[in-house]
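Next comes work-v4.tsv, with TSV, C-alpha atoms.
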```
chain	number	residue	atom	x	y	z
C	10	MET	CA	7.32	31.73	5.14
C	11	THR	CA	10.68	30.91	6.81
C	12	THR	CA	13.09	29.01	4.57
C	13	VAL	CA	14.47	25.83	6.13
C	14	SER	CA	18.13	25.20	5.36
C	15	GLU	CA	19.96	21.89	5.19
C	16	GLN	CA	22.44	23.15	7.77
C	17	SER	CA	19.68	23.91	10.28
C	18	VAL	CA	18.33	20.38	9.87
C	19	HIS	CA	21.79	18.84	10.35
C	20	ASP	CA	22.37	21.08	13.39
C	21	ALA	CA	19.09	19.93	14.93
C	22	LEU	CA	19.90	16.27	14.28
C	23	ALA	CA	23.38	16.69	15.79
C	24	LYS	CA	21.72	17.34	19.16
C	25	VAL	CA	19.57	14.18	19.02
C	26	THR	CA	20.40	11.30	21.34
C	27	ASP	CA	19.06	7.75	21.38
C	28	PRO	CA	16.35	7.61	24.10
C	29	ALA	CA	17.34	4.02	24.86
C	30	SER	CA	21.14	4.30	25.14
C	31	GLY	CA	21.81	8.01	25.42
C	32	ALA	CA	24.28	7.79	22.52
C	33	ALA	CA	24.45	10.57	19.96
C	34	LEU	CA	22.57	10.08	16.70
C	35	SER	CA	25.85	10.15	14.79
C	36	GLU	CA	27.02	7.04	16.66
C	37	ALA	CA	24.00	4.99	15.58
C	38	ALA	CA	23.08	6.29	12.15
C	39	GLN	CA	24.11	8.24	9.10
C	40	VAL	CA	21.73	10.90	7.84
C	41	SER	CA	21.24	10.72	4.08
C	42	GLY	CA	18.76	11.58	1.37
C	43	LEU	CA	17.86	14.92	2.95
C	44	VAL	CA	15.06	16.64	1.05
C	45	ILE	CA	13.47	19.99	1.88
C	46	LYS	CA	10.52	21.40	-0.04
C	47	ASN	CA	7.99	24.00	1.08
C	48	GLY	CA	8.51	23.22	4.75
C	49	ASN	CA	8.33	19.44	4.24
C	50	VAL	CA	11.49	17.64	5.32
C	51	GLY	CA	12.43	14.06	4.52
C	52	PHE	CA	15.56	12.06	5.25
C	53	SER	CA	16.72	8.53	5.94
C	54	LEU	CA	18.74	7.17	8.85
C	55	GLU	CA	21.12	4.50	7.61
C	56	VAL	CA	21.71	2.05	10.44
C	57	ASP	CA	23.12	-1.38	11.16
C	58	PRO	CA	20.33	-3.79	10.06
C	59	ALA	CA	20.81	-5.83	13.24
C	60	ARG	CA	20.02	-2.80	15.39
C	61	ALA	CA	17.17	-1.40	13.30
C	62	PRO	CA	14.29	-3.01	15.28
C	63	GLY	CA	15.42	-1.18	18.44
C	64	LEU	CA	15.90	2.23	16.88
C	65	GLU	CA	12.28	3.28	16.32
C	66	ASP	CA	12.48	5.69	19.27
C	67	LEU	CA	15.60	7.25	17.78
C	68	ARG	CA	13.81	7.72	14.45
C	69	LYS	CA	10.90	9.41	16.20
C	70	ALA	CA	13.23	11.63	18.25
C	71	SER	CA	14.90	12.73	15.02
C	72	GLU	CA	11.56	13.69	13.51
C	73	ASP	CA	10.56	15.58	16.64
C	74	ALA	CA	13.83	17.54	16.71
C	75	VAL	CA	13.48	18.71	13.12
C	76	LEU	CA	9.78	19.45	13.50
C	77	LYS	CA	10.65	22.07	16.14
C	78	LEU	CA	12.56	24.14	13.58
C	79	GLU	CA	10.86	27.32	12.46
C	80	GLY	CA	9.29	26.90	9.03
C	81	VAL	CA	9.05	23.09	9.19
C	82	THR	CA	5.50	21.81	8.67
C	83	SER	CA	6.11	18.06	8.36
C	84	VAL	CA	8.95	15.58	8.81
C	85	THR	CA	9.35	12.05	7.48
C	86	ALA	CA	12.32	9.97	8.64
C	87	VAL	CA	12.81	6.34	7.60
C	88	LEU	CA	15.23	3.71	8.87
C	89	THR	CA	17.30	2.00	6.17
C	90	ALA	CA	20.19	-0.45	6.20
C	91	HIS	CA	23.49	1.29	5.58
C	92	ARG	CA	25.77	0.14	2.79
C	93	ALA	CA	29.00	-0.06	4.74
C	94	GLY	CA	30.55	-3.46	5.42
C	95	GLY	CA	31.36	-2.90	9.10
C	96	GLY	CA	29.28	-2.66	12.21
C	97	GLN	CA	29.41	1.15	12.45
C	98	PRO	CA	27.57	3.45	10.08
C	99	PRO	CA	29.75	5.06	7.40
C	100	GLN	CA	30.78	8.69	7.68
C	101	ARG	CA	29.09	11.18	5.40
C	102	SER	CA	31.31	12.02	2.46
C	103	ALA	CA	29.51	12.90	-0.73
C	104	PRO	CA	26.39	15.06	-0.51
C	105	PRO	CA	23.16	13.01	-0.66
C	106	GLN	CA	21.09	12.85	-3.79
C	107	GLN	CA	18.51	15.59	-3.55
C	108	GLY	CA	14.82	15.05	-4.19
C	109	ARG	CA	14.59	11.29	-3.67
C	110	MET	CA	14.30	8.85	-0.83
C	111	PRO	CA	16.20	5.52	-0.89
C	112	THR	CA	14.89	2.69	-3.06
C	113	ARG	CA	13.46	-0.44	-1.48
C	114	PRO	CA	14.31	-4.10	-2.06
C	115	GLU	CA	12.14	-6.50	-4.00
C	116	LEU	CA	10.15	-9.35	-2.49
C	117	PRO	CA	11.79	-12.59	-3.68
C	118	GLY	CA	9.53	-14.77	-5.80
C	119	ILE	CA	6.87	-12.12	-6.41
C	120	LYS	CA	6.85	-10.83	-9.97
C	121	SER	CA	4.37	-7.97	-9.60
C	122	ILE	CA	2.65	-6.16	-6.73
C	123	VAL	CA	-0.58	-4.29	-7.45
C	124	ALA	CA	-2.19	-1.95	-4.92
C	125	VAL	CA	-5.98	-1.59	-4.98
C	126	ALA	CA	-6.73	1.78	-3.44
C	127	SER	CA	-9.35	4.45	-2.98
C	128	GLY	CA	-9.36	8.01	-1.75
C	129	LYS	CA	-12.17	7.30	0.72
C	130	GLY	CA	-13.96	4.42	2.38
C	131	GLY	CA	-17.30	2.94	1.44
C	132	VAL	CA	-16.66	2.50	-2.28
C	133	GLY	CA	-16.36	-1.30	-2.18
C	134	LYS	CA	-12.59	-1.42	-2.57
C	135	SER	CA	-12.16	-4.69	-0.66
C	136	THR	CA	-14.89	-6.33	-2.73
C	137	VAL	CA	-13.06	-5.24	-5.87
C	138	ALA	CA	-9.68	-6.37	-4.54
C	139	THR	CA	-10.83	-9.88	-3.62
C	140	ASN	CA	-12.69	-10.41	-6.88
C	141	LEU	CA	-9.81	-8.97	-8.90
C	142	ALA	CA	-7.44	-11.44	-7.22
C	143	LEU	CA	-9.78	-14.33	-8.06
C	144	ALA	CA	-10.21	-13.12	-11.63
C	145	LEU	CA	-6.43	-12.91	-12.09
C	146	ALA	CA	-6.12	-16.46	-10.73
C	147	GLY	CA	-8.81	-17.50	-13.21
C	148	GLN	CA	-6.45	-16.40	-15.99
C	149	GLY	CA	-3.87	-18.94	-14.86
C	150	LEU	CA	-1.76	-16.64	-12.64
C	151	ALA	CA	-0.40	-17.53	-9.22
C	152	VAL	CA	-1.96	-14.89	-6.99
C	153	GLY	CA	-1.59	-13.70	-3.40
C	154	LEU	CA	-3.83	-11.26	-1.54
C	155	LEU	CA	-2.59	-9.01	1.26
C	156	ASP	CA	-5.04	-7.10	3.44
C	157	ALA	CA	-3.14	-3.90	4.28
C	158	ASP	CA	-6.05	-2.34	6.15
C	159	VAL	CA	-4.78	-2.88	9.68
C	160	TYR	CA	-7.62	-0.95	11.30
C	161	GLY	CA	-10.47	-2.56	9.38
C	162	PRO	CA	-9.39	-5.92	7.96
C	163	SER	CA	-12.11	-7.55	5.86
C	164	LEU	CA	-10.20	-10.26	4.01
C	165	PRO	CA	-10.87	-13.07	6.54
C	166	ARG	CA	-14.63	-12.76	6.19
C	167	MET	CA	-14.67	-12.08	2.45
C	168	MET	CA	-12.36	-14.99	1.67
C	169	GLY	CA	-14.06	-17.34	4.15
C	170	ILE	CA	-10.99	-17.94	6.34
C	171	ASP	CA	-11.42	-18.22	10.13
C	172	ARG	CA	-8.17	-19.82	11.30
C	173	LYS	CA	-4.75	-18.52	12.28
C	174	PRO	CA	-1.59	-18.88	10.15
C	175	GLU	CA	1.15	-21.23	11.27
C	176	SER	CA	4.94	-20.91	11.25
C	177	ARG	CA	7.59	-23.47	10.44
C	178	ASP	CA	10.43	-21.69	12.21
C	179	GLY	CA	8.83	-19.18	14.56
C	180	LYS	CA	9.99	-16.32	12.34
C	181	THR	CA	7.89	-16.45	9.18
C	182	LEU	CA	4.20	-17.14	8.67
C	183	ILE	CA	2.62	-19.51	6.18
C	184	PRO	CA	-0.15	-17.66	4.31
C	185	LEU	CA	-3.63	-19.12	4.54
C	186	GLU	CA	-5.26	-20.22	1.31
C	187	ASN	CA	-8.78	-20.37	-0.06
C	188	HIS	CA	-10.24	-20.18	-3.56
C	189	ASN	CA	-6.70	-20.85	-4.85
C	190	ILE	CA	-5.45	-17.53	-3.39
C	191	LYS	CA	-2.69	-17.18	-0.77
C	192	CYS	CA	-3.90	-14.69	1.85
C	193	MET	CA	-2.51	-12.69	4.75
C	194	SER	CA	-4.30	-10.22	7.03
C	195	ILE	CA	-3.91	-8.84	10.52
C	196	GLY	CA	-7.47	-10.10	10.89
C	197	PHE	CA	-6.08	-13.65	11.02
C	198	LEU	CA	-4.19	-12.77	14.20
C	199	VAL	CA	-6.81	-10.85	16.21
C	200	ALA	CA	-10.46	-11.48	17.01
C	201	GLU	CA	-12.93	-10.03	14.53
C	202	ASP	CA	-14.47	-7.68	17.09
C	203	THR	CA	-11.16	-6.53	18.60
C	204	PRO	CA	-10.13	-2.99	17.59
C	205	THR	CA	-6.58	-2.35	16.43
C	206	ILE	CA	-5.44	0.70	18.40
C	207	TRP	CA	-2.01	1.36	16.94
C	208	ARG	CA	0.02	4.42	16.10
C	209	GLY	CA	1.61	4.93	12.68
C	210	PRO	CA	4.99	3.24	13.39
C	211	MET	CA	3.25	0.08	14.59
C	212	VAL	CA	1.13	0.01	11.44
C	213	MET	CA	4.21	0.41	9.29
C	214	SER	CA	6.00	-2.38	11.16
C	215	ALA	CA	3.00	-4.71	10.82
C	216	LEU	CA	2.79	-4.10	7.07
C	217	GLU	CA	6.51	-4.71	6.70
C	218	GLN	CA	6.19	-8.03	8.49
C	219	MET	CA	3.14	-9.15	6.51
C	220	LEU	CA	5.06	-8.39	3.33
C	221	ARG	CA	8.47	-9.81	4.13
C	222	ASP	CA	7.95	-12.31	6.97
C	223	VAL	CA	5.42	-14.41	5.07
C	224	GLU	CA	6.27	-17.45	2.93
C	225	TRP	CA	4.51	-16.19	-0.19
C	226	GLY	CA	6.44	-18.51	-2.47
C	227	ALA	CA	6.39	-17.91	-6.22
C	228	LEU	CA	3.62	-15.49	-7.21
C	229	ASP	CA	2.81	-13.83	-10.50
C	230	VAL	CA	0.82	-11.12	-8.73
C	231	LEU	CA	0.37	-9.98	-5.14
C	232	VAL	CA	-2.82	-7.93	-4.87
C	233	VAL	CA	-2.74	-5.52	-1.93
C	234	ASP	CA	-6.06	-4.30	-0.55
C	235	MET	CA	-5.07	-0.86	0.73
C	236	PRO	CA	-6.89	1.06	3.45
C	237	PRO	CA	-8.75	4.15	2.27
C	238	GLY	CA	-7.01	7.51	2.16
C	239	THR	CA	-3.40	8.60	1.74
C	240	GLY	CA	-1.78	7.89	5.10
C	241	ASP	CA	0.94	5.77	6.70
C	242	ALA	CA	-0.01	2.50	5.00
C	243	GLN	CA	0.08	4.02	1.52
C	244	LEU	CA	3.42	5.70	2.17
C	245	THR	CA	4.86	2.49	3.62
C	246	MET	CA	3.84	0.49	0.57
C	247	ALA	CA	5.20	3.10	-1.82
C	248	GLN	CA	8.49	3.39	0.05
C	249	ARG	CA	9.24	-0.20	0.91
C	250	VAL	CA	8.12	-2.41	-1.97
C	251	PRO	CA	8.42	-2.20	-5.76
C	252	LEU	CA	4.79	-1.62	-6.74
C	253	ALA	CA	4.03	-2.49	-10.35
C	254	GLY	CA	1.10	-0.12	-10.20
C	255	ALA	CA	-2.05	1.01	-8.44
C	256	VAL	CA	-5.71	0.47	-9.30
C	257	ILE	CA	-8.06	3.21	-8.08
C	258	VAL	CA	-11.63	2.29	-7.08
C	259	SER	CA	-14.38	4.91	-7.04
C	260	THR	CA	-18.12	5.23	-7.20
C	261	PRO	CA	-19.59	7.54	-9.88
C	262	GLN	CA	-20.62	10.55	-7.81
C	263	ASP	CA	-18.57	13.75	-7.67
C	264	ILE	CA	-17.60	13.57	-3.99
C	265	ALA	CA	-16.14	10.08	-4.38
C	266	LEU	CA	-14.31	11.07	-7.55
C	267	LEU	CA	-12.76	14.04	-5.75
C	268	ASP	CA	-11.21	11.72	-3.18
C	269	ALA	CA	-10.27	9.19	-5.85
C	270	ARG	CA	-8.36	11.95	-7.63
C	271	LYS	CA	-6.39	12.61	-4.44
C	272	GLY	CA	-5.48	8.94	-4.15
C	273	LEU	CA	-4.46	8.79	-7.78
C	274	ASN	CA	-2.29	11.90	-7.49
C	275	MET	CA	-0.62	10.50	-4.37
C	276	PHE	CA	0.58	7.45	-6.29
C	277	ARG	CA	1.74	9.65	-9.15
C	278	ARG	CA	3.70	11.80	-6.71
C	279	VAL	CA	5.56	8.80	-5.31
C	280	ASP	CA	6.29	7.54	-8.82
C	281	VAL	CA	3.93	4.54	-8.78
C	282	PRO	CA	2.19	3.88	-12.12
C	283	VAL	CA	-1.59	4.19	-12.03
C	284	LEU	CA	-2.95	1.21	-13.96
C	285	GLY	CA	-6.43	2.68	-14.18
C	286	ILE	CA	-9.74	3.48	-12.50
C	287	ILE	CA	-12.65	1.13	-11.76
C	288	GLU	CA	-16.18	2.44	-11.33
C	289	ASN	CA	-17.79	0.33	-8.62
C	290	MET	CA	-21.52	0.52	-7.81
C	291	SER	CA	-21.81	1.92	-11.30
C	292	TYR	CA	-25.55	1.24	-11.40
C	293	PHE	CA	-28.13	-0.76	-9.47
C	294	LEU	CA	-29.86	-3.80	-10.92
C	295	CYS	CA	-33.07	-4.73	-9.15
C	296	PRO	CA	-32.82	-8.46	-8.28
C	297	GLN	CA	-36.60	-8.89	-8.74
C	298	CYS	CA	-37.38	-7.02	-11.93
C	299	GLY	CA	-33.93	-6.39	-13.44
C	300	GLU	CA	-34.61	-2.67	-13.75
C	301	ARG	CA	-31.49	-0.53	-13.88
C	302	SER	CA	-31.20	2.56	-11.65
C	303	GLU	CA	-28.18	4.88	-11.59
C	304	ILE	CA	-28.32	5.69	-7.88
C	305	PHE	CA	-24.92	7.38	-7.70
C	306	GLY	CA	-24.92	8.62	-11.26
C	307	HIS	CA	-23.06	6.78	-13.98
C	308	GLY	CA	-19.91	7.21	-16.04
C	309	GLY	CA	-18.18	9.61	-13.66
C	310	ALA	CA	-15.12	7.39	-13.24
C	311	ARG	CA	-14.80	6.88	-16.99
C	312	HIS	CA	-14.91	10.64	-17.53
C	313	GLU	CA	-12.38	11.19	-14.73
C	314	ALA	CA	-10.02	8.61	-16.22
C	315	GLU	CA	-10.18	10.34	-19.59
C	316	LYS	CA	-9.55	13.72	-17.97
C	317	LEU	CA	-6.56	12.45	-15.99
C	318	GLY	CA	-5.12	10.44	-18.86
C	319	VAL	CA	-5.29	6.99	-17.24
C	320	PRO	CA	-7.05	3.83	-18.46
C	321	PHE	CA	-10.66	3.15	-17.52
C	322	LEU	CA	-10.62	-0.49	-16.44
C	323	GLY	CA	-14.35	-1.16	-16.28
C	324	GLU	CA	-17.54	-0.81	-14.29
C	325	VAL	CA	-19.13	-3.10	-11.70
C	326	PRO	CA	-22.81	-2.80	-10.73
C	327	LEU	CA	-24.29	-2.50	-7.26
C	328	HIS	CA	-25.97	-5.88	-6.94
C	329	LEU	CA	-27.26	-7.98	-4.09
C	330	ASP	CA	-25.48	-11.10	-5.33
C	331	ILE	CA	-22.07	-9.41	-5.12
C	332	ARG	CA	-22.70	-8.27	-1.57
C	333	MET	CA	-24.07	-11.61	-0.37
C	334	ALA	CA	-21.24	-13.56	-1.97
C	335	GLY	CA	-18.62	-11.42	-0.24
C	336	ASP	CA	-20.34	-11.57	3.13
C	337	GLY	CA	-20.60	-15.34	2.77
C	338	GLY	CA	-16.88	-15.86	2.21
C	339	THR	CA	-17.13	-16.83	-1.45
C	340	PRO	CA	-16.63	-13.76	-3.66
C	341	ILE	CA	-18.86	-13.54	-6.72
C	342	VAL	CA	-16.08	-14.58	-9.11
C	343	ALA	CA	-15.85	-17.90	-7.24
C	344	ALA	CA	-19.56	-18.19	-6.43
C	345	ASP	CA	-20.75	-17.63	-10.01
C	346	PRO	CA	-17.70	-17.83	-12.29
C	347	THR	CA	-19.73	-17.75	-15.52
C	348	GLY	CA	-22.13	-14.99	-14.45
C	349	PRO	CA	-22.15	-11.39	-15.70
C	350	HIS	CA	-20.45	-10.00	-12.60
C	351	ALA	CA	-17.58	-12.46	-12.87
C	352	GLU	CA	-17.27	-11.51	-16.54
C	353	ALA	CA	-16.96	-7.85	-15.55
C	354	PHE	CA	-14.12	-8.65	-13.16
C	355	ALA	CA	-12.49	-10.92	-15.73
C	356	GLY	CA	-12.41	-8.02	-18.18
C	357	ILE	CA	-10.82	-5.78	-15.57
C	358	ALA	CA	-8.30	-8.47	-14.63
C	359	GLY	CA	-7.32	-8.89	-18.26
C	360	LYS	CA	-6.46	-5.20	-18.53
C	361	VAL	CA	-4.51	-5.25	-15.28
C	362	ALA	CA	-2.58	-8.37	-16.30
C	363	ALA	CA	-1.71	-6.80	-19.63
C	364	ALA	CA	-0.53	-3.61	-17.94
C	365	ILE	CA	1.85	-5.37	-15.56
C	366	SER	CA	3.24	-7.86	-18.08
C	367	GLY	CA	4.92	-5.26	-20.28
C	368	SER	CA	8.35	-5.93	-18.86
C	369	SER	CA	10.12	-9.16	-17.96
C	370	GLN	CA	12.11	-7.26	-15.35
C	371	ARG	CA	10.54	-6.52	-12.02
C	372	LYS	CA	10.28	-2.81	-11.44
C	373	ALA	CA	12.66	-1.20	-8.99
C	374	ALA	CA	11.07	0.17	-5.85
C	375	PRO	CA	9.72	3.66	-6.41
C	376	SER	CA	11.45	6.74	-5.08
C	377	ILE	CA	9.64	9.23	-2.92
C	378	VAL	CA	9.76	12.69	-4.46
C	379	PHE	CA	9.09	15.79	-2.39
C	380	GLU	CA	7.80	18.64	-4.52
```
Could I get this structure in the form of structure tokens?
Amino acid sequence: MTTVSEQSVHDALAKVTDPASGAALSEAAQVSGLVIKNGNVGFSLEVDPARAPGLEDLRKASEDAVLKLEGVTSVTAVLTAHRAGGGQPPQRSAPPQQGRMPTRPELPGIKSIVAVASGKGGVGKSTVATNLALALAGQGLAVGLLDADVYGPSLPRMMGIDRKPESRDGKTLIPLENHNIKCMSIGFLVAEDTPTIWRGPMVMSALEQMLRDVEWGALDVLVVDMPPGTGDAQLTMAQRVPLAGAVIVSTPQDIALLDARKGLNMFRRVDVPVLGIIENMSYFLCPQCGERSEIFGHGGARHEAEKLGVPFLGEVPLHLDIRMAGDGGTPIVAADPTGPHAEAFAGIAGKVAAAISGSSQRKAAPSIVFE
């Protein structure tokens, strides 16, 4: 395999011009944080914050130029605000720190951000995320809920919200609220049956706006319902906000656990603490006779948590009441707050709250490590 050198990357970037203005890359940005590992290249383009919204094409051109180098298998370039005081980007002086991408700023007023994720779809992650948010609120916390699944937003239906958010100044949105939870989703802005046909940069931009251009106010916890998998949305969240940790949702069977392990290892790789694993659809309770059936097996997530050395947060059954409550816009924790399912989520919420309350300081944004 051909070894990619730093000099070859810098040489390739020196030939890049801004598609919009024709100016050389060096006139618009400073390359920093260059990391090369096994053909994977990562770097940041430090730019004037005022010009950043118009430089997405330049970022993409930079990625394309490096991707053409022999031996390069993937390229990740991110736009960041440079640290110089003037309008022009600073000249490169000291060599960049190797192995890490730039840190990301906090979200004012939000103490902790928790990502609810899964390695694959169909494991009930959104059901878990909404009920976890409600259970955390039931413990006296101020909670927000962000639907980060741009392609398949489910928060509007599950939280019973069918109106659009408003803005006081035309720049920031006021989150919609129901069941004492502040909510934001791309589903509030588009019709329910309208597909979102966006490329990665548009998804990343939308997530950034839903995080930072929303008047969240003071929150103890912002729960983020992540899309399934390990793609652009996950990387955006890990790079651009200080996640307090991630909760992994899986069903008990081996194939789901395999994908859950991938999701867990992704968060570990980007230095985000894994708060634990939840086994959803752990068993089926017949609504007529109460008989218990382990359709997908049982205990697989607990065993996986023990093997990977992370906490097992609890198990939630596959039950008609949980499904109907979510479809009806009143999640089970709100629909039946004293029932057994709400108790299960309350137990999980207690463990999550304890895990994120260990420090009075908000965690710095994680660094992206290329290995």
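Taking atom CA of C:Pro320 and atom CA of C:Ala351 as the two end points, the separation is 20.2 Å.
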Q. Hey, can you check how far atom CA of C:Ile45 sits from atom CA of C:Gly80?
A.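 Interatomic distance, atom CA of C:Ile45 to atom CA of C:Gly80: 10.8 Å.
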**Q.** Nearest candidate to C:Leu22 (options C:Glu55, C:Glu36, C:Glu72, C:Asp263; using all atoms listed in the file)
**A.**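 For C:Leu22, the nearest of the candidates is C:Glu72.
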Q) What is the atom CA of C:Met290-atom CA of C:Val325 distance in Å, reported with one decimal? A) 5.8 Å
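Counting all atoms listed in the file, the residue from C:Asn289, C:Gln148, C:Ser83, C:Gln16 that sits nearest to C:Ala269 is C:Asn289.
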Q | Selected residue, from C:Ile287, C:Met167, C:Met235, C:Leu116, that lies nearest to C:Leu155 when counting only C-alpha atoms | A | C:Met235
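Between C:Ile286 and the residues C:Glu313, C:Asp27, C:Glu303, C:Glu79, the shortest atom-to-atom distance, using all atoms listed in the file, involves C:Glu313.
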(Q) Taking only C-alpha atoms into account, name the residue in C:His328, C:Lys191, C:Lys77, C:Arg221 that is nearest to C:Gln297. (A) C:His328
Q.
Applying 10 Å and all atoms listed in the file, which residues near C:Gly306 remain after dropping the ones on its own chain fewer than 6 positions away? List them as a list in words.
A.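 Once the nearby chain positions are removed, what remains is Thr260, Pro261, Gln262, Asp263, Met290, Ser291 and Tyr292 of chain C.
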Q: Can you work out which one of C:Gly337, C:Lys134, C:Trp225, C:Phe354 has the shortest atom-to-atom distance to C:Pro184, counting only C-alpha atoms?
A: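 Nearest to C:Pro184: C:Trp225.
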Q: Could you pull out every residue with an atom within 10 Å of (-2.4, -8.9, 11.4), file coordinates, counting all atoms listed in the file, and send them as a ChimeraX atom specification?
A: /C:156-160,162,173,193-199,205,212,215-216,218-219
Atoms are missing here; could stretch 46-59 of chain C be completed with N, CA and C atoms and written as an mmCIF file, in the coordinates of the input?
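Written file, out_7.cif:
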```
data_model
loop_
_atom_site.group_PDB
_atom_site.id
_atom_site.type_symbol
_atom_site.label_atom_id
_atom_site.label_comp_id
_atom_site.auth_asym_id
_atom_site.auth_seq_id
_atom_site.Cartn_x
_atom_site.Cartn_y
_atom_site.Cartn_z
ATOM 1 N N LYS C 46 11.363 20.752 0.967
ATOM 2 C CA LYS C 46 10.520 21.400 -0.040
ATOM 3 C C LYS C 46 9.300 21.997 0.636
ATOM 4 N N ASN C 47 9.176 23.298 0.549
ATOM 5 C CA ASN C 47 7.990 24.000 1.080
ATOM 6 C C ASN C 47 7.679 23.625 2.526
ATOM 7 N N GLY C 48 8.708 23.537 3.342
ATOM 8 C CA GLY C 48 8.510 23.220 4.750
ATOM 9 C C GLY C 48 8.403 21.746 5.060
ATOM 10 N N ASN C 49 8.374 20.892 4.038
ATOM 11 C CA ASN C 49 8.330 19.440 4.240
ATOM 12 C C ASN C 49 9.747 18.888 4.189
ATOM 13 N N VAL C 50 10.126 18.167 5.219
ATOM 14 C CA VAL C 50 11.490 17.640 5.320
ATOM 15 C C VAL C 50 11.445 16.121 5.320
ATOM 16 N N GLY C 51 12.318 15.514 4.539
ATOM 17 C CA GLY C 51 12.430 14.060 4.520
ATOM 18 C C GLY C 51 13.886 13.645 4.532
ATOM 19 N N PHE C 52 14.189 12.579 5.233
ATOM 20 C CA PHE C 52 15.560 12.060 5.250
ATOM 21 C C PHE C 52 15.528 10.611 5.717
ATOM 22 N N SER C 53 16.619 9.914 5.470
ATOM 23 C CA SER C 53 16.720 8.530 5.940
ATOM 24 C C SER C 53 17.842 8.426 6.961
ATOM 25 N N LEU C 54 17.712 7.482 7.857
ATOM 26 C CA LEU C 54 18.740 7.170 8.850
ATOM 27 C C LEU C 54 19.289 5.801 8.513
ATOM 28 N N GLU C 55 20.508 5.774 7.979
ATOM 29 C CA GLU C 55 21.120 4.500 7.610
ATOM 30 C C GLU C 55 21.748 3.889 8.852
ATOM 31 N N VAL C 56 21.305 2.686 9.192
ATOM 32 C CA VAL C 56 21.710 2.050 10.440
ATOM 33 C C VAL C 56 22.146 0.616 10.184
ATOM 34 N N ASP C 57 22.773 0.036 11.191
ATOM 35 C CA ASP C 57 23.120 -1.380 11.160
ATOM 36 C C ASP C 57 21.818 -2.183 11.151
ATOM 37 N N PRO C 58 21.595 -3.039 10.137
ATOM 38 C CA PRO C 58 20.330 -3.790 10.060
ATOM 39 C C PRO C 58 20.018 -4.575 11.335
ATOM 40 N N ALA C 59 21.043 -5.045 12.025
ATOM 41 C CA ALA C 59 20.810 -5.830 13.240
ATOM 42 C C ALA C 59 20.239 -4.985 14.359
#
```
